[in-house]
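Undergrad: Got a structure here, written out as structure tokens. Questions coming.
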Amino acid sequence: MKYRYPGIRSFTHEEGLLFFGRKNDEERLYKLARLEKIAVLYGKSGYGKSSLLQAAVLPRISRETDFVVIQVRFGYFSADSEGLMPIAHTTERIETWAKLQNTRQTKRSYLDLLIPNEGSLWYHLKKAQAATGNNRFVLVFDQFEEVFSYSDRAVLQFRAQLADLLYVQIPQNFRNAFDNLTAEQMLDEVETDLFFDDLEVKVLFSIRSDFMHLLNHLKDFLPQILRHCYELDALSIEQAKEAITEPAQYKFDNVEHAAISPTFNYSEETLHLLLNFLSKNGMEKVESFQLQLICRHIEEKFVHGGNKARIELNDFGKTIEERLQYLQSVNRNYYRACIYKLPPSQQQVAGLIVENELVTVEDKRRITADAGMLVSRYRDRGATPALLEALKDTYLLRAETTARGPSYELSHDALVEPILNARKERESLEARSLAEQKRRRFMLITVGSLTVAAISLGALLIAFLQFREATRSRSGMIRNAVMAQFNNANNWKVQGKYTEALQQLREIEQFSQEMNDEEKISAARMRSDWETLRRFMADGDTCTARKAYLPALLKYDSARQVSSDIHILNLIERTEKDLELAFDRYSENGKMQMSVGQYRLASENFKKALELKPDDADTRRALHNCLSRQ
């Protein structure tokens, strides 16, 4: 069964008739692609860049012009795979298209006569020109950020050959080869005409906005790459309304779409509920990802599953609280579905990474985490860079590239609540398991103590003189148990589990009669220190969650003065890295925005960078420069 809403995946060319809400974006990007040799479409992950291209702009180029559209996707580089390099990816797509469209054959490959199997982008497009008669092409590089995962050498080769293709009529090596042909080797008239027949090539890049600054690395060969850019924003309320209602009511004329779900509509009250939920009561714009996720669920459950022709308010519950909870549950189920898509061996570690590292419990918001740190922290549980990319491919996470490498965050705020609920459920199960282990441990101690007592009583019946010895033996065992409790408490503390450590100390107090005065004083002092330690660490964690890294470091350092545990030292090191990452991110964003004349946004990023490093002279100068140009 086909659906009217694609859900989390992008719209395809075949689904163009169901693509609504982006008419203005389509028109403006189409004109930009028609007029300019290089155009860049950019926007945040989940805003619908691929859908805009696949369902609207590219079909229109094919329909209304004589340009041939050839789409290229590199994929992320992996050292574990034998994937193609960017040039090879592109030439393979050109060859595939040429084979499918081959309408004429030349009697020989004149290019191979000049330079056999030269292999450049220009070479392959000229061969496609000879084979098909087309000489106007649009190369479309969707998710172009993937190219920067390849080696610098591979990127350099790609940008140099792309520049030749765009700006050079005939590359010098082919011109030299043509000039050096002997009389016997000379091309015939048709081949000569093909050789000198110009290629007209345009390039359309689609890239996530957090990678835009990396396009500066291509400016030496492609100086105009940042001159003609189009930013795709989230949907306005009116656009979102159209994207919700129009696909549901669209009627197809041909039999080809007979298998698609029947038409349906939304009541005004339902539409109002959905728009308010998606826009947070009109305070924010609507992400295409979130809209499609909700609408696909409605189509699957109520139209396919319930044969409903009209979606009513009460389908989601009787009260506003029930309705909002229902819509939020779609996000929760989506989170679980994303985790379950992974191999079973990776599901647990994926849940730990998402629930422990990418959301805050205190203020319930998403946070950014460095990929290297995530993999390092959970490597012993099976975490890998490929696992993080797999989570990104489900749209559960979005990635951002920094000077230190990729970092990850949740793709949408709406996922925070269900993830925190999943974390709460997991921690509840873990707590019950831990309590059961404690119960069993104390049962063993108690049984052991009762056994000793029984033996002592038996011995008392035999000989009263052995009573004192038995009592001393029991006392010694209890003291050993107390010392074991002390060790357990210290182990919890070293791991940063202060609540568990303090609970152990409280349990020890019931055996105070078995401790001497020095041990009682030591236990009381230990409990006081650990209470202080827990307070410093909790304050530091709160600051870290709010990305207030400098105050967090002060709190963690105060904790280190109380106890230099490896957990605290690691946390200080991690926070210092987070500070550097955040500073680099704000600084890079500021530089990128400054380079394209967005001085107000650049100023805001430089100010945030200075909050992290108030004494950084370069950033202060950059901020002054931006403020003077506003």
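Ligands are numbered from 1 in the order shown, chains are lettered A, B, ... in the order of the structure tokens, and residues start at 1 in each chain.
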Give me, as a PyMOL selection string, all polymer residues having an atom no more than 9 Å from segment 27-37 of chain A, counting only C-alpha atoms and skipping those fewer than 3 positions away in the same chain.
TA: chain A and resi 22-24+40-41+56-58+60-61+65+138+166+200-204+224+228-230
Undergrad: From the options A:Asn117, A:Asn314, A:Gln239, A:Gln325, which residue's atoms come nearest to Leu291 of chain A, counting only C-alpha atoms?
TA: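 Among the listed residues, A:Gln239 lies closest to Leu291 of chain A.
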Undergrad: If DSSP is run on the backbone, what residues of segment 356-393 of chain A are alpha helix (DSSP H)? A reply as a list in words would be ideal.
TA: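 Everything in segment 356-393 of chain A that counts as alpha helix (DSSP H) is Asn356, Glu357, Ala371, Gly372, Met373, Leu374, Val375, Ser376, Arg377, Pro385, Ala386, Leu387, Leu388, Glu389, Ala390, Leu391, Lys392 and Asp393 of chain A.
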Undergrad: Give the strand (DSSP E) residues of segment 187-407 of chain A, as DSSP finds them on the backbone, and put them as a list of chain:residue names.
TA: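 For segment 187-407 of chain A, the strand (DSSP E) set is A:Glu200, A:Val201, A:Lys202, A:Val203, A:Leu204, A:Phe205, A:Ser206, A:Ile207, A:Arg208, A:Cys229, A:Tyr230, A:Glu231, A:Asn265, A:Tyr266, A:Arg310, A:Ile311, A:Ala369, A:Asp370, A:Leu397, A:Arg398, A:Ala399, A:Glu400, A:Thr401, A:Thr402, A:Gly405, A:Pro406, A:Ser407.
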Undergrad: Go through A:Thr132, A:Ser628, A:Ser120, A:Gln495 one by one, measure the shortest atom-to-atom distance of each to Ile170 of chain A using only C-alpha atoms, and give the residue with the smallest value.
TA: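 The shortest atom-to-atom distance to Ile170 of chain A comes from A:Ser120.
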Undergrad: Would you work out the distance separating atom CA of Arg600 of chain A from atom CA of Leu218 of chain A, expressed in Å to one decimal?
TA: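 According to the coordinates, atom CA of Arg600 of chain A and atom CA of Leu218 of chain A are separated by 25.2 Å.
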Undergrad: What lies within 10 Å of segment 48-51 of chain A using only C-alpha atoms, ignoring chain neighbours under 2 positions off, as a ChimeraX atom specification?
TA: /A:6,8-13,15-16,19,22,41-46,53-57,142-143,206-208,231-235,287-289
Undergrad: For those residues, write N, CA, C and O atoms to a file as a compact mmCIF listing (two decimals), in the first residue's frame.
TA:
```
# COMPACT_ATOMS: atom_id res chain seq x y z
N PRO A 6 5.22 10.60 3.06
CA PRO A 6 6.36 9.68 3.08
C PRO A 6 6.91 9.40 4.47
O PRO A 6 7.73 8.50 4.64
N ILE A 8 9.33 9.80 7.51
CA ILE A 8 10.65 10.36 7.80
C ILE A 8 11.55 10.40 6.57
O ILE A 8 12.55 11.13 6.58
N ARG A 9 11.24 9.65 5.52
CA ARG A 9 12.10 9.70 4.34
C ARG A 9 11.72 10.89 3.46
O ARG A 9 10.68 11.54 3.65
N SER A 10 12.56 11.17 2.48
CA SER A 10 12.31 12.29 1.57
C SER A 10 11.25 11.93 0.53
O SER A 10 11.03 10.76 0.22
N PHE A 11 10.59 12.95 -0.01
CA PHE A 11 9.71 12.76 -1.16
C PHE A 11 10.54 12.31 -2.37
O PHE A 11 11.71 12.71 -2.51
N THR A 12 9.95 11.51 -3.22
CA THR A 12 10.61 11.09 -4.45
C THR A 12 10.01 11.84 -5.64
O THR A 12 9.00 12.54 -5.50
N HIS A 13 10.63 11.65 -6.81
CA HIS A 13 10.10 12.25 -8.04
C HIS A 13 8.66 11.81 -8.29
O HIS A 13 7.79 12.61 -8.68
N GLU A 15 6.42 11.12 -6.23
CA GLU A 15 5.48 11.68 -5.25
C GLU A 15 5.34 13.20 -5.39
O GLU A 15 4.79 13.85 -4.50
N GLY A 16 5.82 13.74 -6.49
CA GLY A 16 5.79 15.19 -6.68
C GLY A 16 4.40 15.79 -6.61
O GLY A 16 4.22 16.91 -6.14
N PHE A 19 3.51 16.78 -3.07
CA PHE A 19 4.44 17.66 -2.38
C PHE A 19 3.87 19.07 -2.34
O PHE A 19 3.80 19.75 -3.36
N ARG A 22 5.68 24.23 -0.48
CA ARG A 22 6.99 24.77 -0.83
C ARG A 22 7.00 25.45 -2.19
O ARG A 22 8.05 25.52 -2.84
N LEU A 41 21.89 25.05 -2.22
CA LEU A 41 20.71 24.96 -1.36
C LEU A 41 21.20 24.51 0.01
O LEU A 41 21.87 23.48 0.12
N TYR A 42 20.87 25.28 1.05
CA TYR A 42 21.30 24.87 2.39
C TYR A 42 20.17 25.07 3.39
O TYR A 42 19.25 25.85 3.20
N GLY A 43 20.26 24.33 4.48
CA GLY A 43 19.25 24.40 5.54
C GLY A 43 19.54 23.32 6.56
O GLY A 43 20.36 22.42 6.35
N LYS A 44 18.85 23.39 7.68
CA LYS A 44 19.08 22.42 8.75
C LYS A 44 18.57 21.04 8.35
O LYS A 44 17.69 20.90 7.51
N SER A 45 19.13 20.03 9.00
CA SER A 45 18.67 18.66 8.79
C SER A 45 17.21 18.55 9.20
O SER A 45 16.79 19.07 10.24
N GLY A 46 16.41 17.89 8.37
CA GLY A 46 14.99 17.72 8.68
C GLY A 46 14.09 18.79 8.12
O GLY A 46 12.87 18.74 8.32
N LEU A 53 14.21 19.12 -3.77
CA LEU A 53 14.91 18.79 -5.01
C LEU A 53 14.19 17.68 -5.76
O LEU A 53 13.84 17.82 -6.94
N GLN A 54 13.97 16.55 -5.06
CA GLN A 54 13.47 15.35 -5.74
C GLN A 54 12.05 15.52 -6.27
O GLN A 54 11.73 15.06 -7.37
N ALA A 55 11.20 16.17 -5.49
CA ALA A 55 9.78 16.22 -5.85
C ALA A 55 9.39 17.45 -6.65
O ALA A 55 8.33 17.46 -7.27
N ALA A 56 10.23 18.49 -6.64
CA ALA A 56 9.79 19.74 -7.25
C ALA A 56 10.80 20.32 -8.24
O ALA A 56 10.52 20.44 -9.44
N VAL A 57 11.99 20.68 -7.77
CA VAL A 57 12.91 21.47 -8.60
C VAL A 57 13.49 20.65 -9.74
O VAL A 57 13.49 21.08 -10.90
N ASP A 142 23.46 16.01 -3.87
CA ASP A 142 22.64 16.06 -2.67
C ASP A 142 23.46 15.60 -1.47
O ASP A 142 24.34 14.74 -1.60
N GLN A 143 23.16 16.19 -0.30
CA GLN A 143 23.90 15.91 0.93
C GLN A 143 25.41 16.02 0.69
O GLN A 143 26.19 15.13 1.01
N SER A 206 23.42 20.62 -2.54
CA SER A 206 22.53 20.65 -1.38
C SER A 206 23.33 20.24 -0.16
O SER A 206 23.97 19.18 -0.16
N ILE A 207 23.31 21.08 0.89
CA ILE A 207 24.21 20.85 2.02
C ILE A 207 23.55 21.33 3.30
O ILE A 207 22.76 22.28 3.30
N ARG A 208 23.84 20.66 4.40
CA ARG A 208 23.34 21.10 5.70
C ARG A 208 23.99 22.42 6.08
O ARG A 208 25.16 22.65 5.81
N GLU A 231 18.67 29.59 1.20
CA GLU A 231 18.44 28.93 2.49
C GLU A 231 17.00 28.43 2.57
O GLU A 231 16.06 29.19 2.37
N LEU A 232 16.85 27.16 2.89
CA LEU A 232 15.53 26.58 3.08
C LEU A 232 15.20 26.64 4.57
O LEU A 232 15.87 26.02 5.40
N ASP A 233 14.17 27.40 4.90
CA ASP A 233 13.77 27.56 6.30
C ASP A 233 12.71 26.52 6.65
O ASP A 233 12.19 25.80 5.79
N ALA A 234 12.36 26.46 7.94
CA ALA A 234 11.24 25.62 8.36
C ALA A 234 9.94 26.20 7.78
O ALA A 234 9.90 27.32 7.27
N LEU A 235 8.87 25.44 7.87
CA LEU A 235 7.60 25.83 7.28
C LEU A 235 6.89 26.88 8.14
O LEU A 235 6.86 26.79 9.37
N GLU A 287 8.98 22.11 11.43
CA GLU A 287 9.94 21.29 10.70
C GLU A 287 9.19 20.25 9.87
O GLU A 287 8.27 19.58 10.36
N SER A 288 9.61 20.10 8.61
CA SER A 288 8.97 19.13 7.72
C SER A 288 9.04 17.72 8.29
O SER A 288 8.08 16.94 8.18
N PHE A 289 10.16 17.41 8.90
CA PHE A 289 10.35 16.07 9.48
C PHE A 289 9.25 15.75 10.48
O PHE A 289 8.63 14.69 10.45
```
Undergrad: Using atom CA of Leu199 of chain A and atom CA of Glu146 of chain A as the two end points, give the distance in Å to one decimal.
TA: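 Between atom CA of Leu199 of chain A and atom CA of Glu146 of chain A the gap works out to 26.8 Å.
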Undergrad: Considering only C-alpha atoms, return as a PyMOL selection string whatever protein or nucleic-acid residues lie within 10 Å of segment 330-338 of chain A, sequence-local ones (same chain, fewer than 6 positions apart) excluded.
TA: chain A and resi 8+290+293-294+297-298+347+350-351+354+390-396+412+414-422
Undergrad: Limited to N, CA and C atoms, could you put the picked residues into a file as a CSV table (one decimal), in the first residue's frame?
TA:
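Writing the result to out-v6.csv gives the following:
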```csv
chain,number,residue,atom,x,y,z
A,8,ILE,N,9.3,9.8,7.5
A,8,ILE,CA,10.7,10.4,7.8
A,8,ILE,C,11.6,10.4,6.6
A,290,GLN,N,9.0,16.7,11.4
A,290,GLN,CA,8.0,16.5,12.4
A,290,GLN,C,6.6,16.4,11.8
A,293,LEU,N,6.1,13.0,10.1
A,293,LEU,CA,6.1,11.9,11.0
A,293,LEU,C,4.6,11.8,11.6
A,294,ILE,N,4.0,13.0,12.0
A,294,ILE,CA,2.7,12.9,12.6
A,294,ILE,C,1.7,12.5,11.5
A,297,HIS,N,1.7,8.9,10.6
A,297,HIS,CA,1.1,8.1,11.6
A,297,HIS,C,-0.5,8.1,11.5
A,298,ILE,N,-1.0,9.3,11.3
A,298,ILE,CA,-2.5,9.5,11.2
A,298,ILE,C,-3.0,8.7,10.0
A,347,GLN,N,21.4,-2.2,20.1
A,347,GLN,CA,20.3,-1.4,20.6
A,347,GLN,C,20.5,-0.9,22.0
A,350,ALA,N,23.1,2.0,22.0
A,350,ALA,CA,22.5,3.2,21.3
A,350,ALA,C,21.5,3.9,22.3
A,351,GLY,N,20.7,3.1,23.0
A,351,GLY,CA,19.8,3.7,24.0
A,351,GLY,C,20.6,4.5,25.1
A,354,VAL,N,22.0,7.9,23.6
A,354,VAL,CA,20.9,8.9,23.4
A,354,VAL,C,20.4,9.4,24.8
A,390,ALA,N,24.4,5.6,11.8
A,390,ALA,CA,23.1,4.8,11.6
A,390,ALA,C,22.0,5.5,12.3
A,391,LEU,N,22.2,6.1,13.5
A,391,LEU,CA,21.2,6.8,14.2
A,391,LEU,C,20.8,8.1,13.5
A,392,LYS,N,21.8,8.7,12.9
A,392,LYS,CA,21.6,9.9,12.1
A,392,LYS,C,20.7,9.6,10.9
A,393,ASP,N,21.0,8.5,10.3
A,393,ASP,CA,20.2,8.1,9.1
A,393,ASP,C,18.7,7.9,9.3
A,394,THR,N,18.4,7.6,10.6
A,394,THR,CA,17.0,7.4,10.9
A,394,THR,C,16.3,8.8,11.3
A,395,TYR,N,17.1,9.8,11.2
A,395,TYR,CA,16.7,11.2,11.6
A,395,TYR,C,16.5,11.3,13.0
A,396,LEU,N,16.9,10.4,13.8
A,396,LEU,CA,16.8,10.5,15.3
A,396,LEU,C,17.8,11.6,15.7
A,412,HIS,N,15.2,16.9,17.0
A,412,HIS,CA,14.1,17.7,17.3
A,412,HIS,C,13.8,17.7,18.8
A,414,ALA,N,11.0,17.8,20.2
A,414,ALA,CA,9.9,17.0,20.6
A,414,ALA,C,10.3,15.6,21.0
A,415,LEU,N,11.5,15.2,20.7
A,415,LEU,CA,12.0,13.8,21.1
A,415,LEU,C,12.5,13.8,22.5
A,416,VAL,N,12.7,15.0,23.1
A,416,VAL,CA,13.4,15.0,24.5
A,416,VAL,C,12.5,14.3,25.5
A,417,GLU,N,11.2,14.6,25.5
A,417,GLU,CA,10.3,14.0,26.5
A,417,GLU,C,10.2,12.5,26.5
A,418,PRO,N,10.0,12.0,25.3
A,418,PRO,CA,9.9,10.5,25.2
A,418,PRO,C,11.2,9.8,25.5
A,419,ILE,N,12.3,10.5,25.2
A,419,ILE,CA,13.6,9.9,25.5
A,419,ILE,C,13.9,9.9,27.0
A,420,LEU,N,13.5,11.0,27.7
A,420,LEU,CA,13.6,11.1,29.1
A,420,LEU,C,12.7,10.0,29.8
A,421,ASN,N,11.5,9.8,29.2
A,421,ASN,CA,10.7,8.8,29.8
A,421,ASN,C,11.3,7.4,29.6
A,422,ALA,N,11.9,7.1,28.5
A,422,ALA,CA,12.5,5.9,28.3
A,422,ALA,C,13.7,5.7,29.3
```
Undergrad: From the list A:Phe264, A:Phe277, A:Tyr556, A:Tyr549, which residue is nearest Phe302 of chain A when using only C-alpha atoms?
TA: A:Phe264
Undergrad: Excluding Arg159 of chain A and residues on its chain fewer than 5 positions from it, collect all residues at most 12 Å away from it, counting only C-alpha atoms, and give them as JSON, numbers by chain.
TA: {"A": [86, 87, 90, 120, 121, 147, 148, 152, 153, 154, 164, 165, 166, 167, 203, 215, 216, 217, 218, 219, 220, 221, 222, 223, 225]}
Undergrad: Can you pull out the residues contacting Asn134 of chain A? Cut-off 9 Å, using only C-alpha atoms, and skip same-chain residues under 4 positions away; I want them as number ranges by chain.
TA: A: 66-68, 128-130, 199
Undergrad: Could the residues in this selection be saved with N, CA and C atoms as a PDB file, in the first residue's frame?
TA:
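The resulting file, selection.pdb, is reproduced below:
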```pdb
ATOM      1  N   ASP A  66      16.011  21.899 -21.620  1.00  0.00           N
ATOM      2  CA  ASP A  66      16.674  20.777 -22.294  1.00  0.00           C
ATOM      3  C   ASP A  66      17.927  20.347 -21.547  1.00  0.00           C
ATOM      4  N   PHE A  67      18.065  20.752 -20.281  1.00  0.00           N
ATOM      5  CA  PHE A  67      19.179  20.291 -19.457  1.00  0.00           C
ATOM      6  C   PHE A  67      18.901  18.879 -18.955  1.00  0.00           C
ATOM      7  N   VAL A  68      19.939  18.070 -18.965  1.00  0.00           N
ATOM      8  CA  VAL A  68      19.868  16.715 -18.423  1.00  0.00           C
ATOM      9  C   VAL A  68      20.292  16.768 -16.950  1.00  0.00           C
ATOM     10  N   ALA A 128      29.518  11.034 -22.810  1.00  0.00           N
ATOM     11  CA  ALA A 128      28.054  11.009 -22.737  1.00  0.00           C
ATOM     12  C   ALA A 128      27.449  11.886 -23.830  1.00  0.00           C
ATOM     13  N   GLN A 129      28.098  13.019 -24.102  1.00  0.00           N
ATOM     14  CA  GLN A 129      27.640  13.890 -25.175  1.00  0.00           C
ATOM     15  C   GLN A 129      27.681  13.162 -26.520  1.00  0.00           C
ATOM     16  N   ALA A 130      28.796  12.468 -26.783  1.00  0.00           N
ATOM     17  CA  ALA A 130      28.931  11.743 -28.045  1.00  0.00           C
ATOM     18  C   ALA A 130      27.902  10.627 -28.170  1.00  0.00           C
ATOM     19  N   LEU A 199      30.429  22.002 -23.923  1.00  0.00           N
ATOM     20  CA  LEU A 199      29.534  21.496 -22.895  1.00  0.00           C
ATOM     21  C   LEU A 199      29.004  22.684 -22.091  1.00  0.00           C
TER      22      LEU A 199
END
```
Undergrad: Calculate how many Å separate atom CA of Ser428 of chain A from atom CA of Leu327 of chain A, rounding to one decimal.
TA: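 A separation of 24.6 Å between them.
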Undergrad: Out of A:Arg379, A:Arg136, A:Lys613, A:Arg629, which residue has the shortest atom-to-atom distance to Gln598 of chain A when counting only C-alpha atoms?
TA: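 Looking at the shortest contact to Gln598 of chain A, the residue is A:Arg629.
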Undergrad: Between A:Tyr3, A:Phe583, A:Tyr498, A:Trp530, which one has atoms that come closest to Asp616 of chain A, using only C-alpha atoms?
TA: A:Phe583
